[in-house]
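Participant: So here's work-v8.txt (compact mmCIF, C-alpha atoms and all ligand atoms).
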```txt
# COMPACT_ATOMS: atom_id res chain seq x y z
CA MET A 1 -9.05 0.77 1.55
CA ASN A 2 -10.41 1.36 5.05
CA ALA A 3 -13.80 0.06 3.89
CA ASP A 4 -14.73 -1.62 7.13
CA ILE A 5 -13.48 -0.30 10.41
CA SER A 6 -16.51 -1.26 12.44
CA GLY A 7 -15.53 -2.47 15.87
CA PHE A 8 -12.11 -0.86 15.54
CA SER A 9 -12.06 1.02 18.85
CA GLU A 10 -13.55 -1.85 20.77
CA ARG A 11 -10.87 -4.25 19.50
CA LYS A 12 -8.00 -1.86 20.15
CA GLU A 13 -9.14 -1.35 23.72
CA ALA A 14 -9.92 -4.95 24.47
CA GLY A 15 -7.31 -6.69 22.34
CA SER A 16 -8.13 -9.90 20.49
CA SER A 17 -10.43 -12.61 21.76
CA SER A 18 -7.46 -14.15 23.60
CA GLY A 19 -6.96 -10.83 25.40
CA THR A 20 -3.65 -10.04 23.74
CA ILE A 21 -2.71 -7.63 20.98
CA LYS A 22 -0.84 -9.49 18.26
CA ILE A 23 1.91 -7.59 16.47
CA ALA A 24 3.43 -9.12 13.34
CA ILE A 25 6.86 -7.88 12.29
CA CYS A 26 7.81 -8.86 8.74
CA GLY A 27 11.59 -8.60 8.39
CA VAL A 28 13.28 -8.81 11.79
CA GLY A 29 16.49 -6.97 10.93
CA LEU A 30 17.97 -3.77 12.40
CA ILE A 31 14.70 -1.80 12.30
CA GLY A 32 12.16 -4.66 12.61
CA GLY A 33 14.21 -6.20 15.42
CA SER A 34 14.49 -2.88 17.24
CA LEU A 35 10.72 -2.35 17.02
CA ALA A 36 10.17 -5.89 18.27
CA LEU A 37 12.45 -5.21 21.24
CA CYS A 38 10.50 -2.03 22.05
CA LEU A 39 7.18 -3.93 22.08
CA LYS A 40 8.00 -7.42 23.29
CA GLY A 41 7.21 -8.07 26.93
CA LYS A 42 4.95 -5.04 27.23
CA PRO A 43 1.70 -5.94 28.99
CA GLY A 44 -0.82 -7.61 26.69
CA TYR A 45 1.37 -7.76 23.57
CA ARG A 46 2.56 -10.77 21.61
CA VAL A 47 5.19 -10.12 18.97
CA VAL A 48 5.46 -12.54 16.07
CA GLY A 49 8.38 -12.24 13.66
CA HIS A 50 8.27 -13.22 9.99
CA GLU A 51 11.40 -14.10 8.05
CA ILE A 52 11.60 -15.80 4.66
CA ARG A 53 14.51 -18.05 5.64
CA GLU A 54 14.21 -20.75 8.32
CA GLU A 55 17.63 -19.89 9.81
CA SER A 56 16.73 -16.20 10.15
CA ALA A 57 13.39 -17.01 11.77
CA ALA A 58 15.10 -19.38 14.20
CA LYS A 59 17.78 -16.79 14.98
CA CYS A 60 15.43 -13.95 15.92
CA ALA A 61 13.44 -16.30 18.16
CA GLU A 62 16.61 -17.67 19.79
CA LEU A 63 17.90 -14.15 20.43
CA GLY A 64 14.62 -13.45 22.23
CA VAL A 65 13.82 -10.49 19.97
CA VAL A 66 10.30 -11.84 19.25
CA ASP A 67 7.93 -14.10 21.17
CA GLU A 68 7.75 -16.46 18.22
CA ALA A 69 8.88 -16.55 14.62
CA THR A 70 7.59 -18.11 11.44
CA THR A 71 8.40 -18.31 7.75
CA SER A 72 4.69 -18.31 6.90
CA LEU A 73 3.33 -14.86 6.14
CA ALA A 74 -0.22 -16.19 6.48
CA GLU A 75 0.55 -17.44 9.96
CA ALA A 76 2.24 -14.20 11.00
CA ALA A 77 -0.59 -12.05 9.64
CA ALA A 78 -3.49 -14.22 10.87
CA ASP A 79 -5.38 -12.36 13.57
CA ALA A 80 -2.70 -9.66 13.82
CA ASP A 81 -3.85 -6.33 15.20
CA TYR A 82 -0.79 -4.57 13.78
CA ILE A 83 1.49 -5.58 10.92
CA PHE A 84 4.86 -3.86 10.50
CA LEU A 85 6.63 -4.28 7.15
CA CYS A 86 10.35 -3.93 7.83
CA VAL A 87 11.93 -5.32 4.65
CA PRO A 88 13.98 -3.43 2.04
CA VAL A 89 11.96 -0.80 0.13
CA GLY A 90 12.06 -2.85 -3.10
CA ARG A 91 10.07 -5.65 -1.45
CA LEU A 92 7.37 -3.59 0.28
CA ASN A 93 4.83 -3.62 -2.57
CA ASP A 94 5.14 -7.41 -2.89
CA TYR A 95 4.31 -7.79 0.78
CA ILE A 96 1.26 -5.54 0.41
CA ASP A 97 0.13 -7.62 -2.60
CA GLU A 98 0.60 -10.87 -0.75
CA LEU A 99 -1.11 -9.61 2.41
CA SER A 100 -4.06 -8.32 0.39
CA ARG A 101 -4.73 -11.92 -0.70
CA LEU A 102 -4.74 -13.20 2.90
CA PRO A 103 -7.60 -13.11 5.40
CA LEU A 104 -6.65 -10.22 7.70
CA LYS A 105 -8.30 -9.28 10.94
CA PRO A 106 -10.88 -6.50 10.39
CA GLY A 107 -9.52 -3.26 11.89
CA CYS A 108 -5.92 -4.41 11.52
CA VAL A 109 -3.46 -1.54 11.13
CA MET A 110 -0.66 -2.14 8.66
CA THR A 111 2.41 0.08 8.52
CA ASP A 112 5.95 0.00 7.13
CA VAL A 113 9.30 1.48 8.08
CA GLY A 114 10.67 2.12 4.58
CA SER A 115 12.93 5.12 4.02
CA THR A 116 10.74 6.31 1.13
CA LYS A 117 7.01 6.78 1.40
CA ALA A 118 5.24 7.92 -1.80
CA SER A 119 5.34 4.64 -3.74
CA ILE A 120 4.27 2.36 -0.89
CA VAL A 121 1.47 4.69 0.23
CA GLU A 122 0.20 4.91 -3.35
CA HIS A 123 0.44 1.16 -3.83
CA ALA A 124 -1.41 0.40 -0.58
CA ALA A 125 -4.15 2.89 -1.53
CA GLN A 126 -4.75 1.16 -4.89
CA LEU A 127 -5.47 -2.14 -3.18
CA ALA A 128 -8.56 -2.50 -1.13
CA LEU A 129 -6.95 -3.91 1.98
CA LYS A 130 -10.28 -5.26 3.11
CA GLY A 131 -11.15 -3.53 6.35
CA THR A 132 -7.56 -2.78 7.27
CA THR A 133 -5.81 0.56 7.31
CA PHE A 134 -2.36 1.19 5.86
CA ILE A 135 -0.35 4.03 7.38
CA GLY A 136 3.12 4.74 6.00
CA GLY A 137 5.84 5.09 8.62
CA HIS A 138 9.54 5.91 8.82
CA PRO A 139 11.59 5.96 12.01
CA MET A 140 14.33 8.52 11.42
CA ALA A 141 16.87 6.53 13.34
CA GLY A 142 19.15 3.72 12.41
CA SER A 143 22.77 3.14 11.72
CA GLU A 144 25.20 1.87 9.13
CA ARG A 145 24.81 -1.58 10.70
CA SER A 146 22.21 -4.13 9.64
CA GLY A 147 20.67 -7.40 10.75
CA VAL A 148 18.92 -8.51 13.90
CA GLU A 149 22.20 -8.62 15.86
CA ALA A 150 22.38 -4.82 15.58
CA ALA A 151 18.82 -4.32 16.87
CA SER A 152 18.36 -2.33 20.06
CA ALA A 153 15.39 -1.28 22.18
CA ASP A 154 16.99 2.17 22.54
CA LEU A 155 17.39 2.83 18.82
CA PHE A 156 14.45 5.17 18.39
CA GLU A 157 14.65 7.07 21.66
CA ASN A 158 14.35 10.83 20.99
CA ALA A 159 14.48 10.32 17.24
CA TYR A 160 11.67 11.47 14.95
CA TYR A 161 9.23 8.84 13.73
CA VAL A 162 7.35 10.09 10.68
CA LEU A 163 3.85 8.82 9.82
CA THR A 164 2.24 9.59 6.46
CA PRO A 165 -1.46 8.70 6.83
CA THR A 166 -3.66 9.43 3.82
CA GLU A 167 -6.65 11.72 4.27
CA ASP A 168 -9.06 8.79 4.40
CA ALA A 169 -7.19 6.92 7.15
CA PRO A 170 -9.55 6.71 10.13
CA ALA A 171 -8.38 8.93 12.98
CA GLU A 172 -8.83 6.03 15.42
CA ALA A 173 -6.38 3.91 13.45
CA VAL A 174 -3.77 6.69 13.36
CA GLN A 175 -4.21 7.32 17.08
CA ALA A 176 -3.94 3.60 17.87
CA LEU A 177 -0.67 3.34 15.92
CA GLU A 178 0.71 6.48 17.55
CA LYS A 179 -0.17 5.06 20.94
CA LEU A 180 1.59 1.78 20.17
CA LEU A 181 4.66 3.62 18.89
CA ARG A 182 5.01 5.52 22.15
CA TRP A 183 6.83 2.42 23.39
CA THR A 184 9.69 3.42 21.06
CA ARG A 185 10.12 6.75 22.93
CA ALA A 186 10.42 8.42 19.54
CA LYS A 187 8.85 11.79 18.66
CA ILE A 188 5.98 10.99 16.33
CA ILE A 189 5.15 13.49 13.60
CA THR A 190 2.89 13.31 10.55
CA THR A 191 3.36 14.71 7.08
CA ASP A 192 2.45 13.73 3.52
CA ALA A 193 4.45 11.14 1.64
CA ALA A 194 5.74 13.38 -1.18
CA ARG A 195 7.00 16.01 1.26
CA HIS A 196 8.66 13.26 3.31
CA ASP A 197 10.51 11.94 0.26
CA ARG A 198 11.75 15.41 -0.77
CA ILE A 199 13.06 16.28 2.69
CA VAL A 200 14.49 12.86 3.56
CA GLY A 201 16.03 12.69 0.07
CA ALA A 202 17.96 15.87 0.91
CA ILE A 203 18.99 15.13 4.50
CA SER A 204 19.59 11.38 4.25
CA HIS A 205 19.68 9.89 0.74
CA LEU A 206 21.88 12.60 -0.84
CA PRO A 207 24.42 12.44 2.04
CA HIS A 208 24.62 8.65 1.64
CA MET A 209 25.42 9.05 -2.07
CA ILE A 210 28.01 11.72 -1.35
CA ALA A 211 29.67 9.56 1.33
CA VAL A 212 29.88 6.58 -1.02
CA ALA A 213 31.20 8.66 -3.91
CA LEU A 214 33.83 10.23 -1.66
CA VAL A 215 35.03 6.88 -0.29
CA ASN A 216 35.21 5.41 -3.80
CA GLN A 217 37.13 8.44 -5.09
CA ILE A 218 39.72 8.12 -2.32
CA ALA A 219 39.85 4.30 -2.66
CA GLY A 220 40.80 4.89 -6.30
CA TYR A 221 43.73 7.14 -5.29
CA ASN A 222 44.72 4.59 -2.65
CA GLU A 223 45.55 2.11 -5.42
CA SER A 224 48.68 4.17 -6.02
CA SER A 225 49.64 4.55 -2.34
CA ASP A 226 48.30 3.05 0.87
CA LEU A 227 49.13 6.33 2.61
CA TYR A 228 45.67 7.63 1.62
CA ARG A 229 44.09 5.01 3.87
CA SER A 230 46.66 5.49 6.65
CA LEU A 231 46.22 9.24 6.81
CA ALA A 232 42.44 9.19 6.60
CA ALA A 233 41.61 10.89 9.89
CA GLY A 234 38.63 12.06 11.93
CA GLY A 235 36.99 14.31 9.34
CA PHE A 236 37.05 11.65 6.64
CA ARG A 237 35.69 9.04 9.03
CA ASP A 238 32.93 11.34 10.30
CA ILE A 239 31.62 12.23 6.87
CA THR A 240 31.91 8.69 5.48
CA ARG A 241 30.52 6.50 8.30
CA ILE A 242 27.26 6.04 6.44
CA ALA A 243 29.12 4.72 3.37
CA SER A 244 29.31 1.42 5.30
CA SER A 245 25.51 1.02 5.08
CA ASP A 246 23.84 -2.07 3.63
CA PRO A 247 24.10 -2.16 -0.21
CA ILE A 248 20.71 -3.81 -0.85
CA VAL A 249 18.78 -1.58 1.54
CA TRP A 250 20.35 1.50 -0.05
CA ARG A 251 20.05 0.28 -3.65
CA ASP A 252 16.30 0.08 -3.08
CA ILE A 253 16.04 3.47 -1.36
CA LEU A 254 17.98 5.38 -4.01
CA VAL A 255 16.30 3.73 -7.00
CA ASN A 256 12.87 4.27 -5.42
CA ASN A 257 13.48 7.98 -4.72
CA ARG A 258 15.36 8.58 -7.98
CA GLN A 259 13.18 11.45 -9.24
CA VAL A 260 13.82 13.51 -6.13
CA LEU A 261 17.49 12.48 -6.08
CA LEU A 262 18.16 13.45 -9.69
CA GLU A 263 17.07 17.01 -8.87
CA LEU A 264 19.13 17.05 -5.69
CA LEU A 265 22.20 15.81 -7.58
CA SER A 266 21.86 18.62 -10.03
CA ASP A 267 21.81 21.14 -7.15
CA TRP A 268 24.82 19.32 -5.63
CA ARG A 269 26.74 19.69 -8.90
CA ARG A 270 26.00 23.43 -8.75
CA GLU A 271 27.48 23.56 -5.23
CA MET A 272 30.64 21.80 -6.46
CA ASP A 273 30.81 24.04 -9.55
CA GLU A 274 30.75 27.03 -7.23
CA PHE A 275 33.80 25.67 -5.36
CA THR A 276 35.52 25.06 -8.71
CA ARG A 277 34.82 28.66 -9.75
CA LEU A 278 36.08 30.07 -6.42
CA LEU A 279 39.31 28.05 -6.61
CA GLU A 280 39.92 28.83 -10.27
CA SER A 281 39.59 32.53 -9.53
CA GLU A 282 41.65 32.17 -6.31
CA ASP A 283 38.76 33.73 -4.40
CA GLY A 284 39.78 32.91 -0.80
CA GLU A 285 37.17 35.27 0.63
CA GLY A 286 34.50 33.44 -1.34
CA VAL A 287 35.70 30.09 0.05
CA ALA A 288 35.66 31.44 3.61
CA GLU A 289 32.15 32.77 3.01
CA ARG A 290 30.96 29.27 1.99
CA PHE A 291 32.37 27.86 5.26
CA LYS A 292 30.82 30.69 7.27
CA GLN A 293 27.40 30.06 5.77
CA ALA A 294 27.70 26.31 6.46
CA ASN A 295 28.88 26.93 10.04
CA ASP A 296 25.85 29.15 10.71
CA PHE A 297 23.38 26.48 9.60
CA ARG A 298 25.17 23.47 11.06
CA ASN A 299 25.72 25.07 14.45
CA ARG A 300 21.98 25.58 14.69
CA LEU A 301 21.13 21.93 14.01
CA PRO A 302 19.09 20.46 16.85
CA GLU A 303 21.27 18.91 19.53
CA ARG A 304 20.39 15.28 18.96
CA ARG A 305 23.05 12.68 19.37
CA LYS A 306 20.98 9.93 17.79
CA GLY A 307 19.33 8.95 14.58
CA MET A 308 20.48 10.77 11.51
CA ILE A 309 23.57 12.26 13.05
CA THR A 310 25.16 9.47 15.05
CA SER A 311 24.00 6.01 15.89
CA LEU A 312 25.65 5.90 19.30
CA TYR A 313 26.67 8.25 22.06
CA GLU A 314 30.29 8.93 21.22
CA CYS A 315 33.17 11.13 22.27
CA TYR A 316 36.79 11.51 21.23
CA VAL A 317 39.76 11.71 23.58
CA ASN A 318 43.20 13.02 22.62
CA VAL A 319 45.67 10.48 23.97
CA PRO A 320 49.39 11.23 24.30
CA ASP A 321 51.98 8.71 23.15
CA GLN A 322 52.58 7.16 26.58
CA PRO A 323 52.35 3.50 27.55
CA GLY A 324 49.25 2.46 29.47
CA VAL A 325 47.11 5.55 28.81
CA ILE A 326 44.33 3.66 27.05
CA GLY A 327 44.27 0.93 29.70
CA ARG A 328 44.09 3.58 32.42
CA ILE A 329 41.09 5.31 30.83
CA ALA A 330 39.28 1.99 30.29
CA ALA A 331 40.01 0.89 33.87
CA GLU A 332 38.70 4.16 35.35
CA LEU A 333 35.50 3.86 33.33
CA GLY A 334 35.09 0.28 34.51
CA GLN A 335 35.63 1.25 38.14
CA ALA A 336 33.01 3.97 37.83
CA ARG A 337 30.66 1.30 36.37
CA ILE A 338 30.29 3.22 33.12
CA ASN A 339 29.32 0.85 30.32
CA LEU A 340 31.57 1.28 27.31
CA SER A 341 30.05 -0.26 24.16
CA ASN A 342 33.08 0.26 21.93
CA LEU A 343 36.60 1.64 22.03
CA HIS A 344 38.46 2.49 18.86
CA ILE A 345 41.94 3.91 18.38
CA ILE A 346 42.04 6.31 15.45
CA GLU A 347 45.64 6.50 14.30
CA SER A 348 46.67 9.85 12.96
CA ARG A 349 50.29 8.78 12.45
CA GLU A 350 51.40 5.24 11.96
CA ASP A 351 53.47 5.04 15.14
CA VAL A 352 51.39 7.29 17.40
CA PRO A 353 48.03 6.57 19.02
CA GLY A 354 46.32 9.91 18.49
CA VAL A 355 42.62 9.83 19.19
CA LEU A 356 40.47 7.40 21.10
CA ARG A 357 36.84 7.06 20.05
CA LEU A 358 34.63 5.89 22.91
CA SER A 359 31.06 4.74 22.25
CA PHE A 360 28.29 4.31 24.79
CA ARG A 361 24.73 3.07 24.54
CA ARG A 362 23.26 5.71 26.81
CA GLN A 363 23.49 9.47 27.12
CA ASP A 364 23.99 9.13 30.85
CA ASP A 365 27.07 6.90 30.39
CA LEU A 366 28.54 9.36 27.90
CA ASP A 367 28.00 12.35 30.20
CA ARG A 368 29.60 10.59 33.17
CA ALA A 369 32.51 9.34 31.05
CA VAL A 370 33.24 12.83 29.70
CA ALA A 371 33.28 14.31 33.21
CA LEU A 372 35.53 11.51 34.48
CA ILE A 373 38.05 11.65 31.62
CA ARG A 374 38.22 15.44 31.75
CA SER A 375 38.93 15.17 35.48
CA MET A 376 41.94 13.01 34.48
CA ASP A 377 43.16 16.02 32.44
CA TYR A 378 42.58 14.60 28.98
CA ILE A 379 41.02 16.64 26.20
CA VAL A 380 37.57 15.26 25.32
CA TYR A 381 35.42 16.45 22.42
CA PHE A 382 32.43 15.33 20.34
N1 LIG B 401 19.10 1.02 8.19
C1 LIG B 401 18.55 2.08 8.73
O1 LIG B 401 19.23 2.81 9.44
C2 LIG B 401 17.10 2.37 8.46
C3 LIG B 401 16.36 1.59 7.58
N2 LIG B 401 15.04 1.87 7.38
C4 LIG B 401 14.25 1.03 6.47
O2 LIG B 401 14.00 -0.16 7.20
C5 LIG B 401 13.85 -1.25 6.30
C6 LIG B 401 14.72 -2.40 6.78
O3 LIG B 401 16.04 -1.97 6.83
P1 LIG B 401 17.07 -2.55 7.91
O4 LIG B 401 16.36 -3.04 9.10
O5 LIG B 401 18.15 -1.54 8.04
O6 LIG B 401 17.67 -3.77 7.09
P2 LIG B 401 18.22 -5.17 7.62
O7 LIG B 401 19.04 -5.70 6.50
O8 LIG B 401 18.80 -5.05 8.95
O9 LIG B 401 16.88 -6.01 7.72
C7 LIG B 401 16.11 -6.33 6.59
C8 LIG B 401 15.15 -7.44 6.93
O10 LIG B 401 14.43 -7.78 5.75
C9 LIG B 401 14.67 -9.14 5.41
N3 LIG B 401 14.87 -9.20 3.96
C10 LIG B 401 15.95 -8.80 3.27
N4 LIG B 401 15.77 -9.02 1.95
C11 LIG B 401 14.56 -9.60 1.84
C12 LIG B 401 13.82 -10.07 0.74
N5 LIG B 401 14.29 -9.99 -0.50
N6 LIG B 401 12.59 -10.60 0.98
C13 LIG B 401 12.12 -10.66 2.23
N7 LIG B 401 12.77 -10.24 3.32
C14 LIG B 401 13.98 -9.71 3.11
C15 LIG B 401 15.90 -9.58 6.15
O11 LIG B 401 15.86 -10.96 6.42
C16 LIG B 401 15.84 -8.73 7.41
O12 LIG B 401 15.02 -9.30 8.36
C17 LIG B 401 14.21 -0.72 4.91
O13 LIG B 401 13.02 -0.51 4.19
C18 LIG B 401 14.91 0.60 5.19
O14 LIG B 401 14.71 1.52 4.15
C19 LIG B 401 14.40 2.87 8.05
C20 LIG B 401 15.08 3.64 8.95
C21 LIG B 401 16.49 3.47 9.21
O1 LIG B 402 23.24 6.13 10.45
C1 LIG B 402 22.71 7.18 10.16
O2 LIG B 402 23.12 8.28 10.53
C2 LIG B 402 21.50 7.15 9.31
O3 LIG B 402 21.34 7.96 8.44
C3 LIG B 402 20.51 6.09 9.65
C4 LIG B 402 19.30 6.08 8.81
C5 LIG B 402 19.30 5.35 7.63
C6 LIG B 402 18.16 5.28 6.87
C7 LIG B 402 17.02 5.97 7.26
O4 LIG B 402 15.93 5.91 6.50
C8 LIG B 402 17.00 6.69 8.43
C9 LIG B 402 18.15 6.73 9.21
```
Can you give me the file's structure in the form of structure tokens?
Ligand SMILES: NC(=O)C1=CN([C@@H]2O[C@H](COP(=O)(O)OP(=O)(O)OC[C@H]3O[C@@H](n4cnc5c(N)ncnc54)[C@H](O)[C@@H]3O)[C@@H](O)[C@H]2O)C=CC1
Ligand SMILES: O=C(O)C(=O)Cc1ccc(O)cc1
Facilitator:
Amino acid sequence: MNADISGFSERKEAGSSSGTIKIAICGVGLIGGSLALCLKGKPGYRVVGHEIREESAAKCAELGVVDEATTSLAEAAADADYIFLCVPVGRLNDYIDELSRLPLKPGCVMTDVGSTKASIVEHAAQLALKGTTFIGGHPMAGSERSGVEAASADLFENAYYVLTPTEDAPAEAVQALEKLLRWTRAKIITTDAARHDRIVGAISHLPHMIAVALVNQIAGYNESSDLYRSLAAGGFRDITRIASSDPIVWRDILVNNRQVLLELLSDWRREMDEFTRLLESEDGEGVAERFKQANDFRNRLPERRKGMITSLYECYVNVPDQPGVIGRIAAELGQARINLSNLHIIESREDVPGVLRLSFRRQDDLDRAVALIRSMDYIVYF
């Protein structure tokens, strides 16, 4: 790979012969669509979406997420300066194979957004991608939602965006990709693929498995009484939000990173065994110590209200059981021109509205809403 990068800098500065930089996005879903929205309309860029189904291609063009869309990979890739692979992890190698058989523009930079990095980076390195450079990528932001309808130009703001260039990737290519990705307003960092997979396995893939297992365990109990579902309150919702993630996307991630995950699961079982031991021996002090240790670490997590922690800017409001309270809060927010993206009543008892979850698209809206609602004497928390 990277055999011929002659003319690379010249092309990146000047763009293609038509004066524009062509960016191909293969898979215009949540992540591909969000990248497209970050880049489309920026001076000198033309964003072309690739989808395998006609309806999907038509939809992303109609929604205005891309400048144009096609179901032909050859057409999307032809003359592209950058190619982003944004399909489920299980399909990435096939795309690399197919692209390696197509005439690609010399100096083209190819990257992906897959949640695992070692296998794709290794696969791309084995193929001589004729004068193009492959650089693995992973924006550490997303949500439990999927599809182009969920795409947003703000998705990556302040989140980490990991790049995993191999040692032989030309510095100019890495710099050019980093420069392009600045439009996402993400914090770009580089590391090697194996390290990425170990760390992301622990902080993202393991939590997704735990969330799914927990929901399925409780769903099993709920067969005997619907009260399990009714009583499921804030804590359960917080820890299980990511269990609503896309099954195909996550099937591919977990199977791909299975070696790392099998080790993490064995450590997880040890953590659970420790709780079992503490409870069997009625060791309350030991239990408290586990919570204390967790509090210490969690309270020192970086204050980031996006990406891996939450997908939106959210707050919770305790609402008393009085008619009109929710309407009043919504009306005040509207009057103050604060854009509410979602409002959800979390019932803690069947007959009592207990907690209101308010979601915003911007930090600024959240901050203003919190100040306003607190000034109305309601308790607001995160
Ligand atoms: N969901 C998330 O929060 C994050 C996902 N990622 C990674 O981004 C990639 C895309 O995920 P999302 O955008 O969330 O998924 P999505 O489901 O929103 O979008 C997937 C895209 O790939 C296309 N696609 C699906 N199956 C395909 C197939 N068999 N052949 C060709 N195209 C196919 C779909 O038409 C769609 O455009 C995955 O590799 C995932 O690991 C990375 C960061 C965050
Ligand atoms: O919704 C969340 O909190 C996520 O964890 C989103 C996410 C999903 C997959 C990734 O590879 C990165 C981020």
Participant: Using only C-alpha atoms and all ligand atoms, which residues have at least one atom no more than 7 Å from ligand LIG 401 (chain B)? Output them as a PDB file with C-alpha atoms, in the coordinates of the input.
Facilitator:
```
ATOM      1  CA  GLY A  27      11.590  -8.600   8.390  1.00  0.00           C
ATOM      2  CA  VAL A  28      13.280  -8.810  11.790  1.00  0.00           C
ATOM      3  CA  GLY A  29      16.490  -6.970  10.930  1.00  0.00           C
ATOM      4  CA  LEU A  30      17.970  -3.770  12.400  1.00  0.00           C
ATOM      5  CA  ILE A  31      14.700  -1.800  12.300  1.00  0.00           C
ATOM      6  CA  GLY A  32      12.160  -4.660  12.610  1.00  0.00           C
ATOM      7  CA  GLU A  51      11.400 -14.100   8.050  1.00  0.00           C
ATOM      8  CA  ILE A  52      11.600 -15.800   4.660  1.00  0.00           C
ATOM      9  CA  SER A  56      16.730 -16.200  10.150  1.00  0.00           C
ATOM     10  CA  CYS A  86      10.350  -3.930   7.830  1.00  0.00           C
ATOM     11  CA  VAL A  87      11.930  -5.320   4.650  1.00  0.00           C
ATOM     12  CA  PRO A  88      13.980  -3.430   2.040  1.00  0.00           C
ATOM     13  CA  VAL A  89      11.960  -0.800   0.130  1.00  0.00           C
ATOM     14  CA  ARG A  91      10.070  -5.650  -1.450  1.00  0.00           C
ATOM     15  CA  VAL A 113       9.300   1.480   8.080  1.00  0.00           C
ATOM     16  CA  GLY A 114      10.670   2.120   4.580  1.00  0.00           C
ATOM     17  CA  SER A 115      12.930   5.120   4.020  1.00  0.00           C
ATOM     18  CA  THR A 116      10.740   6.310   1.130  1.00  0.00           C
ATOM     19  CA  HIS A 138       9.540   5.910   8.820  1.00  0.00           C
ATOM     20  CA  PRO A 139      11.590   5.960  12.010  1.00  0.00           C
ATOM     21  CA  MET A 140      14.330   8.520  11.420  1.00  0.00           C
ATOM     22  CA  ALA A 141      16.870   6.530  13.340  1.00  0.00           C
ATOM     23  CA  GLY A 142      19.150   3.720  12.410  1.00  0.00           C
ATOM     24  CA  SER A 143      22.770   3.140  11.720  1.00  0.00           C
ATOM     25  CA  GLU A 144      25.200   1.870   9.130  1.00  0.00           C
ATOM     26  CA  ARG A 145      24.810  -1.580  10.700  1.00  0.00           C
ATOM     27  CA  SER A 146      22.210  -4.130   9.640  1.00  0.00           C
ATOM     28  CA  GLY A 147      20.670  -7.400  10.750  1.00  0.00           C
ATOM     29  CA  VAL A 148      18.920  -8.510  13.900  1.00  0.00           C
ATOM     30  CA  ASP A 246      23.840  -2.070   3.630  1.00  0.00           C
ATOM     31  CA  VAL A 249      18.780  -1.580   1.540  1.00  0.00           C
ATOM     32  CA  ILE A 253      16.040   3.470  -1.360  1.00  0.00           C
TER      33      ILE A 253
END
```
Participant: Nearest residue to Thr190 of chain A out of A:Thr132, A:Lys117, A:Ile218, A:Ser204, using all atoms listed in the file?
Facilitator: A:Lys117
Participant: Given 5 Å on each side, where is the centre and what are the edge lengths in Å to one decimal of the axis-aligned box enclosing the listed atoms of segment 266-273 of chain A, as AutoDock Vina command-line options?
Facilitator:
```
--center_x 26.3 --center_y 21.3 --center_z -7.6 --size_x 19.0 --size_y 15.4 --size_z 14.8
```
Participant: Could you work out how far atom CA of Arg298 of chain A lies from atom CA of Gly136 of chain A, giving the answer in Å with one decimal?
Facilitator: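 Computing the Euclidean distance for atom CA of Gly136 of chain A and atom CA of Arg298 of chain A yields 29.4 Å.
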Participant: Nearest to Thr70 of chain A among A:Leu85, A:Cys26, A:Ala150, A:Val215, with distances taken over all atoms listed in the file: which residue is it?
Facilitator: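 Ranked by minimum distance to Thr70 of chain A, first place goes to A:Cys26.
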Participant: Give me, please, the distance in Å between atom CA of Ile326 of chain A and atom CA of Leu343 of chain A, quoted to one decimal.
Facilitator: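 Separation of atom CA of Ile326 of chain A and atom CA of Leu343 of chain A: 9.4 Å.
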Participant: Of the residues A:Asn339, A:Ser230, A:Ser281, A:Gln217, which is the one nearest to Leu358 of chain A, using only C-alpha atoms?
Facilitator: A:Asn339
Participant: Calculated over only C-alpha atoms and all ligand atoms, which of the candidates A:Pro106, A:Gly137, A:Pro165, A:Gly44 has the smallest distance to ligand LIG 402 (chain B)?
Facilitator: A:Gly137
Participant: Counting only C-alpha atoms, figure out which residue out of A:Ile23, A:Leu366, A:Met376, A:Val255 gets nearest to Asn342 of chain A.
Facilitator: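 Closest to Asn342 of chain A, using only C-alpha atoms: A:Leu366.
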Participant: Neighbours of His344 of chain A within 9 Å (only C-alpha atoms; same-chain residues fewer than 4 positions away dropped), as a ChimeraX atom specification?
Facilitator: /A:355-359
Participant: What's the 8 Å shell around Ile242 of chain A, counting all atoms listed in the file, without same-chain residues fewer than 3 positions away, as a ChimeraX atom specification?
Facilitator: /A:143-144,208,211-212,239,245
Participant: Store the residues picked out above in a file with C-alpha atoms, as a PDB file, in the frame of the given file.
Facilitator:
```
ATOM      1  CA  SER A 143      22.770   3.140  11.720  1.00  0.00           C
ATOM      2  CA  GLU A 144      25.200   1.870   9.130  1.00  0.00           C
ATOM      3  CA  HIS A 208      24.620   8.650   1.640  1.00  0.00           C
ATOM      4  CA  ALA A 211      29.670   9.560   1.330  1.00  0.00           C
ATOM      5  CA  VAL A 212      29.880   6.580  -1.020  1.00  0.00           C
ATOM      6  CA  ILE A 239      31.620  12.230   6.870  1.00  0.00           C
ATOM      7  CA  SER A 245      25.510   1.020   5.080  1.00  0.00           C
TER       8      SER A 245
END
```
